[in-house]
$ cat upload_12.cif   # mmCIF, N, CA and C atoms
data_target
loop_
_atom_site.group_PDB
_atom_site.id
_atom_site.type_symbol
_atom_site.label_atom_id
_atom_site.label_comp_id
_atom_site.auth_asym_id
_atom_site.auth_seq_id
_atom_site.Cartn_x
_atom_site.Cartn_y
_atom_site.Cartn_z
ATOM 1 N N MET A 1 59.624 -43.773 -23.538
ATOM 2 C CA MET A 1 59.144 -44.167 -24.846
ATOM 3 C C MET A 1 60.023 -45.297 -25.376
ATOM 4 N N HIS A 2 59.390 -46.337 -25.848
ATOM 5 C CA HIS A 2 60.117 -47.466 -26.398
ATOM 6 C C HIS A 2 60.476 -47.203 -27.851
ATOM 7 N N ALA A 3 61.485 -47.883 -28.328
ATOM 8 C CA ALA A 3 61.909 -47.711 -29.723
ATOM 9 C C ALA A 3 60.795 -48.078 -30.694
ATOM 10 N N MET A 4 59.986 -49.105 -30.357
ATOM 11 C CA MET A 4 58.917 -49.544 -31.259
ATOM 12 C C MET A 4 57.776 -48.528 -31.342
ATOM 13 N N ASP A 5 57.659 -47.620 -30.363
ATOM 14 C CA ASP A 5 56.582 -46.634 -30.395
ATOM 15 C C ASP A 5 56.700 -45.699 -31.591
ATOM 16 N N ASN A 6 57.884 -45.565 -32.140
ATOM 17 C CA ASN A 6 58.084 -44.695 -33.286
ATOM 18 C C ASN A 6 58.087 -45.447 -34.613
ATOM 19 N N THR A 7 57.902 -46.751 -34.579
ATOM 20 C CA THR A 7 57.859 -47.537 -35.801
ATOM 21 C C THR A 7 56.432 -47.521 -36.313
ATOM 22 N N TYR A 8 56.255 -47.214 -37.584
ATOM 23 C CA TYR A 8 54.922 -47.089 -38.145
ATOM 24 C C TYR A 8 54.606 -48.237 -39.086
ATOM 25 N N ILE A 9 53.401 -48.775 -38.943
ATOM 26 C CA ILE A 9 52.890 -49.835 -39.800
ATOM 27 C C ILE A 9 51.634 -49.265 -40.451
ATOM 28 N N PHE A 10 51.692 -49.021 -41.744
ATOM 29 C CA PHE A 10 50.573 -48.416 -42.465
ATOM 30 C C PHE A 10 50.116 -47.127 -41.796
ATOM 31 N N GLY A 11 51.053 -46.319 -41.339
ATOM 32 C CA GLY A 11 50.730 -45.030 -40.745
ATOM 33 C C GLY A 11 50.380 -45.075 -39.267
ATOM 34 N N LEU A 12 50.384 -46.246 -38.654
ATOM 35 C CA LEU A 12 50.051 -46.372 -37.236
ATOM 36 C C LEU A 12 51.288 -46.795 -36.452
ATOM 37 N N ASN A 13 51.473 -46.196 -35.264
ATOM 38 C CA ASN A 13 52.560 -46.684 -34.431
ATOM 39 C C ASN A 13 52.121 -48.004 -33.791
ATOM 40 N N LYS A 14 53.005 -48.649 -33.066
ATOM 41 C CA LYS A 14 52.718 -49.989 -32.541
ATOM 42 C C LYS A 14 51.502 -49.991 -31.616
ATOM 43 N N ARG A 15 51.375 -48.998 -30.761
ATOM 44 C CA ARG A 15 50.236 -48.955 -29.830
ATOM 45 C C ARG A 15 48.924 -48.788 -30.588
ATOM 46 N N ALA A 16 48.906 -47.880 -31.570
ATOM 47 C CA ALA A 16 47.684 -47.661 -32.356
ATOM 48 C C ALA A 16 47.360 -48.897 -33.190
ATOM 49 N N TRP A 17 48.390 -49.549 -33.721
ATOM 50 C CA TRP A 17 48.198 -50.773 -34.507
ATOM 51 C C TRP A 17 47.566 -51.864 -33.635
ATOM 52 N N SER A 18 48.086 -52.055 -32.428
ATOM 53 C CA SER A 18 47.547 -53.070 -31.517
ATOM 54 C C SER A 18 46.104 -52.766 -31.145
ATOM 55 N N PHE A 19 45.824 -51.501 -30.850
ATOM 56 C CA PHE A 19 44.467 -51.094 -30.499
ATOM 57 C C PHE A 19 43.513 -51.347 -31.667
ATOM 58 N N THR A 20 43.892 -50.930 -32.861
ATOM 59 C CA THR A 20 43.052 -51.101 -34.046
ATOM 60 C C THR A 20 42.801 -52.569 -34.339
ATOM 61 N N THR A 21 43.822 -53.393 -34.196
ATOM 62 C CA THR A 21 43.673 -54.831 -34.419
ATOM 63 C C THR A 21 42.697 -55.433 -33.417
ATOM 64 N N GLN A 22 42.806 -55.055 -32.146
ATOM 65 C CA GLN A 22 41.923 -55.599 -31.113
ATOM 66 C C GLN A 22 40.484 -55.149 -31.320
ATOM 67 N N VAL A 23 40.270 -53.885 -31.647
ATOM 68 C CA VAL A 23 38.914 -53.389 -31.882
ATOM 69 C C VAL A 23 38.288 -54.107 -33.080
ATOM 70 N N THR A 24 39.038 -54.247 -34.150
ATOM 71 C CA THR A 24 38.527 -54.940 -35.342
ATOM 72 C C THR A 24 38.167 -56.381 -35.020
ATOM 73 N N THR A 25 39.013 -57.064 -34.264
ATOM 74 C CA THR A 25 38.743 -58.442 -33.862
ATOM 75 C C THR A 25 37.470 -58.519 -33.029
ATOM 76 N N ASN A 26 37.328 -57.611 -32.072
ATOM 77 C CA ASN A 26 36.134 -57.606 -31.214
ATOM 78 C C ASN A 26 34.861 -57.375 -32.024
ATOM 79 N N VAL A 27 34.893 -56.429 -32.955
ATOM 80 C CA VAL A 27 33.710 -56.121 -33.770
ATOM 81 C C VAL A 27 33.339 -57.313 -34.641
ATOM 82 N N LEU A 28 34.320 -57.914 -35.300
ATOM 83 C CA LEU A 28 34.035 -59.054 -36.172
ATOM 84 C C LEU A 28 33.491 -60.242 -35.384
ATOM 85 N N LYS A 29 34.045 -60.499 -34.202
ATOM 86 C CA LYS A 29 33.540 -61.596 -33.371
ATOM 87 C C LYS A 29 32.120 -61.314 -32.884
ATOM 88 N N ALA A 30 31.842 -60.063 -32.521
ATOM 89 C CA ALA A 30 30.500 -59.699 -32.055
ATOM 90 C C ALA A 30 29.475 -59.889 -33.165
ATOM 91 N N PHE A 31 29.809 -59.504 -34.371
ATOM 92 C CA PHE A 31 28.891 -59.702 -35.489
ATOM 93 C C PHE A 31 28.705 -61.181 -35.787
ATOM 94 N N ALA A 32 29.778 -61.941 -35.709
ATOM 95 C CA ALA A 32 29.694 -63.374 -36.010
ATOM 96 C C ALA A 32 28.884 -64.130 -34.964
ATOM 97 N N ASP A 33 28.952 -63.697 -33.712
ATOM 98 C CA ASP A 33 28.270 -64.391 -32.620
ATOM 99 C C ASP A 33 26.879 -63.845 -32.323
ATOM 100 N N GLY A 34 26.638 -62.605 -32.696
ATOM 101 C CA GLY A 34 25.401 -61.942 -32.300
ATOM 102 C C GLY A 34 24.273 -62.103 -33.305
ATOM 103 N N PRO A 35 23.236 -61.289 -33.133
ATOM 104 C CA PRO A 35 22.057 -61.381 -33.990
ATOM 105 C C PRO A 35 22.351 -61.062 -35.461
ATOM 106 N N ALA A 36 23.430 -60.354 -35.717
ATOM 107 C CA ALA A 36 23.763 -60.042 -37.111
ATOM 108 C C ALA A 36 24.072 -61.313 -37.893
ATOM 109 N N ALA A 37 24.619 -62.324 -37.218
ATOM 110 C CA ALA A 37 24.944 -63.573 -37.902
ATOM 111 C C ALA A 37 23.701 -64.246 -38.452
ATOM 112 N N ALA A 38 22.609 -64.212 -37.712
ATOM 113 C CA ALA A 38 21.363 -64.826 -38.176
ATOM 114 C C ALA A 38 20.639 -63.928 -39.173
ATOM 115 N N LYS A 39 20.690 -62.623 -38.929
ATOM 116 C CA LYS A 39 19.986 -61.679 -39.786
ATOM 117 C C LYS A 39 20.697 -61.470 -41.124
ATOM 118 N N TYR A 40 22.024 -61.512 -41.117
ATOM 119 C CA TYR A 40 22.821 -61.290 -42.319
ATOM 120 C C TYR A 40 23.781 -62.459 -42.545
ATOM 121 N N PRO A 41 23.270 -63.628 -42.910
ATOM 122 C CA PRO A 41 24.155 -64.770 -43.104
ATOM 123 C C PRO A 41 25.087 -64.554 -44.301
ATOM 124 N N ALA A 42 26.223 -65.195 -44.242
ATOM 125 C CA ALA A 42 27.175 -65.108 -45.350
ATOM 126 C C ALA A 42 26.598 -65.817 -46.559
ATOM 127 N N ASN A 43 26.749 -65.195 -47.707
ATOM 128 C CA ASN A 43 26.294 -65.788 -48.960
ATOM 129 C C ASN A 43 27.461 -65.874 -49.926
ATOM 130 N N ASP A 44 27.583 -67.002 -50.582
ATOM 131 C CA ASP A 44 28.648 -67.180 -51.565
ATOM 132 C C ASP A 44 28.365 -66.279 -52.761
ATOM 133 N N ASN A 45 29.299 -65.372 -53.057
ATOM 134 C CA ASN A 45 29.120 -64.479 -54.196
ATOM 135 C C ASN A 45 30.269 -64.596 -55.195
ATOM 136 N N LEU A 46 30.941 -65.728 -55.199
ATOM 137 C CA LEU A 46 32.102 -65.911 -56.056
ATOM 138 C C LEU A 46 31.762 -65.732 -57.533
ATOM 139 N N GLU A 47 30.593 -66.206 -57.952
ATOM 140 C CA GLU A 47 30.249 -66.099 -59.367
ATOM 141 C C GLU A 47 30.058 -64.645 -59.802
ATOM 142 N N PHE A 48 29.806 -63.748 -58.880
ATOM 143 C CA PHE A 48 29.610 -62.341 -59.209
ATOM 144 C C PHE A 48 30.891 -61.520 -59.140
ATOM 145 N N MET A 49 32.002 -62.158 -58.766
ATOM 146 C CA MET A 49 33.258 -61.434 -58.608
ATOM 147 C C MET A 49 33.905 -61.071 -59.938
ATOM 148 N N GLN A 50 33.506 -61.718 -61.014
ATOM 149 C CA GLN A 50 34.021 -61.455 -62.357
ATOM 150 C C GLN A 50 35.548 -61.508 -62.407
ATOM 151 N N GLU A 51 36.083 -62.640 -61.980
ATOM 152 C CA GLU A 51 37.525 -62.829 -62.014
ATOM 153 C C GLU A 51 38.001 -62.871 -63.462
ATOM 154 N N TRP A 52 39.235 -62.504 -63.678
ATOM 155 C CA TRP A 52 39.833 -62.553 -65.001
ATOM 156 C C TRP A 52 41.172 -63.275 -64.909
ATOM 157 N N PRO A 53 41.672 -63.775 -66.036
ATOM 158 C CA PRO A 53 42.980 -64.441 -66.002
ATOM 159 C C PRO A 53 44.048 -63.474 -65.469
ATOM 160 N N GLY A 54 44.778 -63.910 -64.493
ATOM 161 C CA GLY A 54 45.808 -63.081 -63.882
ATOM 162 C C GLY A 54 45.306 -62.223 -62.734
ATOM 163 N N ASP A 55 44.047 -62.395 -62.335
ATOM 164 C CA ASP A 55 43.484 -61.640 -61.213
ATOM 165 C C ASP A 55 44.331 -61.919 -59.971
ATOM 166 N N PRO A 56 44.931 -60.887 -59.351
ATOM 167 C CA PRO A 56 45.820 -61.128 -58.213
ATOM 168 C C PRO A 56 45.105 -61.684 -56.987
ATOM 169 N N ILE A 57 43.843 -61.342 -56.802
ATOM 170 C CA ILE A 57 43.111 -61.857 -55.650
ATOM 171 C C ILE A 57 42.762 -63.326 -55.871
ATOM 172 N N ALA A 58 42.288 -63.669 -57.074
ATOM 173 C CA ALA A 58 41.961 -65.063 -57.374
ATOM 174 C C ALA A 58 43.214 -65.936 -57.325
ATOM 175 N N GLY A 59 44.360 -65.350 -57.687
ATOM 176 C CA GLY A 59 45.625 -66.085 -57.668
ATOM 177 C C GLY A 59 46.259 -66.147 -56.292
ATOM 178 N N HIS A 60 45.581 -65.575 -55.273
ATOM 179 C CA HIS A 60 46.056 -65.574 -53.890
ATOM 180 C C HIS A 60 47.432 -64.924 -53.746
ATOM 181 N N HIS A 61 47.659 -63.846 -54.489
ATOM 182 C CA HIS A 61 48.919 -63.115 -54.362
ATOM 183 C C HIS A 61 48.886 -62.261 -53.107
ATOM 184 N N ASN A 62 50.021 -62.092 -52.491
ATOM 185 C CA ASN A 62 50.139 -61.238 -51.318
ATOM 186 C C ASN A 62 50.154 -59.790 -51.791
ATOM 187 N N LEU A 63 49.075 -59.042 -51.530
ATOM 188 C CA LEU A 63 48.961 -57.668 -51.996
ATOM 189 C C LEU A 63 49.457 -56.647 -50.977
ATOM 190 N N TRP A 64 49.836 -57.111 -49.789
ATOM 191 C CA TRP A 64 50.299 -56.189 -48.758
ATOM 192 C C TRP A 64 51.754 -55.863 -48.959
ATOM 193 N N PRO A 65 52.116 -54.595 -48.801
ATOM 194 C CA PRO A 65 53.548 -54.246 -48.877
ATOM 195 C C PRO A 65 54.267 -54.824 -47.674
ATOM 196 N N PRO A 66 55.552 -55.050 -47.781
ATOM 197 C CA PRO A 66 56.281 -55.606 -46.638
ATOM 198 C C PRO A 66 56.277 -54.623 -45.464
ATOM 199 N N VAL A 67 56.185 -55.162 -44.268
ATOM 200 C CA VAL A 67 56.216 -54.352 -43.053
ATOM 201 C C VAL A 67 57.660 -54.288 -42.575
ATOM 202 N N VAL A 68 58.173 -53.083 -42.438
ATOM 203 C CA VAL A 68 59.538 -52.891 -41.981
ATOM 204 C C VAL A 68 59.496 -52.459 -40.530
ATOM 205 N N LEU A 69 60.084 -53.257 -39.676
ATOM 206 C CA LEU A 69 60.097 -52.940 -38.237
ATOM 207 C C LEU A 69 61.449 -52.467 -37.805
#

$ encode --input "upload_12.cif" --output "structure tokens"
Amino acid sequence: MHAMDNTYIFGLNKRAWSFTTQVTTNVLKAFADGPAAAKYPANDNLEFMQEWPGDPIAGHHNLWPPVVL
């Protein structure tokens, strides 16, 4: 067992984190390249987001906690 196997990132060890990242990447690419892209095109919905002054997402703030390795 490697030392990194016991390090947790958002509750996942390194192997589970790598697996989850790869699966998510594969699914998103498949949707972007496949029939879902034509059937469900991206639509701009910014006007419906109802941003407010100081909105952390609109201000592009980093909302992720720091990862400690």

$ atom_distance --input "upload_12.cif" --atom1 "atom N of Asp44 of chain A" --atom2 "atom CA of Phe31 of chain A"
16.8 Å

$ select_by_dssp --input "upload_12.cif" --residues "segment 2-64 of chain A" --states "alpha helix (DSSP H)" --output "PyMOL selection string"
chain A and resi 14-33+35-39

$ write_last_selection --input "upload_12.cif" --atoms "N, CA and C atoms" --output "CSV table (one decimal), in the coordinates of the input"
chain,number,residue,atom,x,y,z
A,14,LYS,N,53.0,-48.6,-33.1
A,14,LYS,CA,52.7,-50.0,-32.5
A,14,LYS,C,51.5,-50.0,-31.6
A,15,ARG,N,51.4,-49.0,-30.8
A,15,ARG,CA,50.2,-49.0,-29.8
A,15,ARG,C,48.9,-48.8,-30.6
A,16,ALA,N,48.9,-47.9,-31.6
A,16,ALA,CA,47.7,-47.7,-32.4
A,16,ALA,C,47.4,-48.9,-33.2
A,17,TRP,N,48.4,-49.5,-33.7
A,17,TRP,CA,48.2,-50.8,-34.5
A,17,TRP,C,47.6,-51.9,-33.6
A,18,SER,N,48.1,-52.1,-32.4
A,18,SER,CA,47.5,-53.1,-31.5
A,18,SER,C,46.1,-52.8,-31.1
A,19,PHE,N,45.8,-51.5,-30.8
A,19,PHE,CA,44.5,-51.1,-30.5
A,19,PHE,C,43.5,-51.3,-31.7
A,20,THR,N,43.9,-50.9,-32.9
A,20,THR,CA,43.1,-51.1,-34.0
A,20,THR,C,42.8,-52.6,-34.3
A,21,THR,N,43.8,-53.4,-34.2
A,21,THR,CA,43.7,-54.8,-34.4
A,21,THR,C,42.7,-55.4,-33.4
A,22,GLN,N,42.8,-55.1,-32.1
A,22,GLN,CA,41.9,-55.6,-31.1
A,22,GLN,C,40.5,-55.1,-31.3
A,23,VAL,N,40.3,-53.9,-31.6
A,23,VAL,CA,38.9,-53.4,-31.9
A,23,VAL,C,38.3,-54.1,-33.1
A,24,THR,N,39.0,-54.2,-34.2
A,24,THR,CA,38.5,-54.9,-35.3
A,24,THR,C,38.2,-56.4,-35.0
A,25,THR,N,39.0,-57.1,-34.3
A,25,THR,CA,38.7,-58.4,-33.9
A,25,THR,C,37.5,-58.5,-33.0
A,26,ASN,N,37.3,-57.6,-32.1
A,26,ASN,CA,36.1,-57.6,-31.2
A,26,ASN,C,34.9,-57.4,-32.0
A,27,VAL,N,34.9,-56.4,-33.0
A,27,VAL,CA,33.7,-56.1,-33.8
A,27,VAL,C,33.3,-57.3,-34.6
A,28,LEU,N,34.3,-57.9,-35.3
A,28,LEU,CA,34.0,-59.1,-36.2
A,28,LEU,C,33.5,-60.2,-35.4
A,29,LYS,N,34.0,-60.5,-34.2
A,29,LYS,CA,33.5,-61.6,-33.4
A,29,LYS,C,32.1,-61.3,-32.9
A,30,ALA,N,31.8,-60.1,-32.5
A,30,ALA,CA,30.5,-59.7,-32.1
A,30,ALA,C,29.5,-59.9,-33.2
A,31,PHE,N,29.8,-59.5,-34.4
A,31,PHE,CA,28.9,-59.7,-35.5
A,31,PHE,C,28.7,-61.2,-35.8
A,32,ALA,N,29.8,-61.9,-35.7
A,32,ALA,CA,29.7,-63.4,-36.0
A,32,ALA,C,28.9,-64.1,-35.0
A,33,ASP,N,29.0,-63.7,-33.7
A,33,ASP,CA,28.3,-64.4,-32.6
A,33,ASP,C,26.9,-63.8,-32.3
A,35,PRO,N,23.2,-61.3,-33.1
A,35,PRO,CA,22.1,-61.4,-34.0
A,35,PRO,C,22.4,-61.1,-35.5
A,36,ALA,N,23.4,-60.4,-35.7
A,36,ALA,CA,23.8,-60.0,-37.1
A,36,ALA,C,24.1,-61.3,-37.9
A,37,ALA,N,24.6,-62.3,-37.2
A,37,ALA,CA,24.9,-63.6,-37.9
A,37,ALA,C,23.7,-64.2,-38.5
A,38,ALA,N,22.6,-64.2,-37.7
A,38,ALA,CA,21.4,-64.8,-38.2
A,38,ALA,C,20.6,-63.9,-39.2
A,39,LYS,N,20.7,-62.6,-38.9
A,39,LYS,CA,20.0,-61.7,-39.8
A,39,LYS,C,20.7,-61.5,-41.1

$ select_by_dssp --input "upload_12.cif" --residues "chain A" --states "strand (DSSP E or B)" --output "list in words"
Tyr8, Ile9, Leu12 and Asn13 of chain A

$ write_last_selection --input "upload_12.cif" --atoms "N, CA and C atoms" --output "PDB file, in the frame of the given file"
ATOM      1  N   TYR A   8      56.255 -47.214 -37.584  1.00  0.00           N
ATOM      2  CA  TYR A   8      54.922 -47.089 -38.145  1.00  0.00           C
ATOM      3  C   TYR A   8      54.606 -48.237 -39.086  1.00  0.00           C
ATOM      4  N   ILE A   9      53.401 -48.775 -38.943  1.00  0.00           N
ATOM      5  CA  ILE A   9      52.890 -49.835 -39.800  1.00  0.00           C
ATOM      6  C   ILE A   9      51.634 -49.265 -40.451  1.00  0.00           C
ATOM      7  N   LEU A  12      50.384 -46.246 -38.654  1.00  0.00           N
ATOM      8  CA  LEU A  12      50.051 -46.372 -37.236  1.00  0.00           C
ATOM      9  C   LEU A  12      51.288 -46.795 -36.452  1.00  0.00           C
ATOM     10  N   ASN A  13      51.473 -46.196 -35.264  1.00  0.00           N
ATOM     11  CA  ASN A  13      52.560 -46.684 -34.431  1.00  0.00           C
ATOM     12  C   ASN A  13      52.121 -48.004 -33.791  1.00  0.00           C
TER      13      ASN A  13
END

$ atom_distance --input "upload_12.cif" --atom1 "atom N of Arg15 of chain A" --atom2 "atom C of Ala32 of chain A"
27.4 Å

$ atom_distance --input "upload_12.cif" --atom1 "atom CA of Pro66 of chain A" --atom2 "atom CA of Ile9 of chain A"
9.6 Å
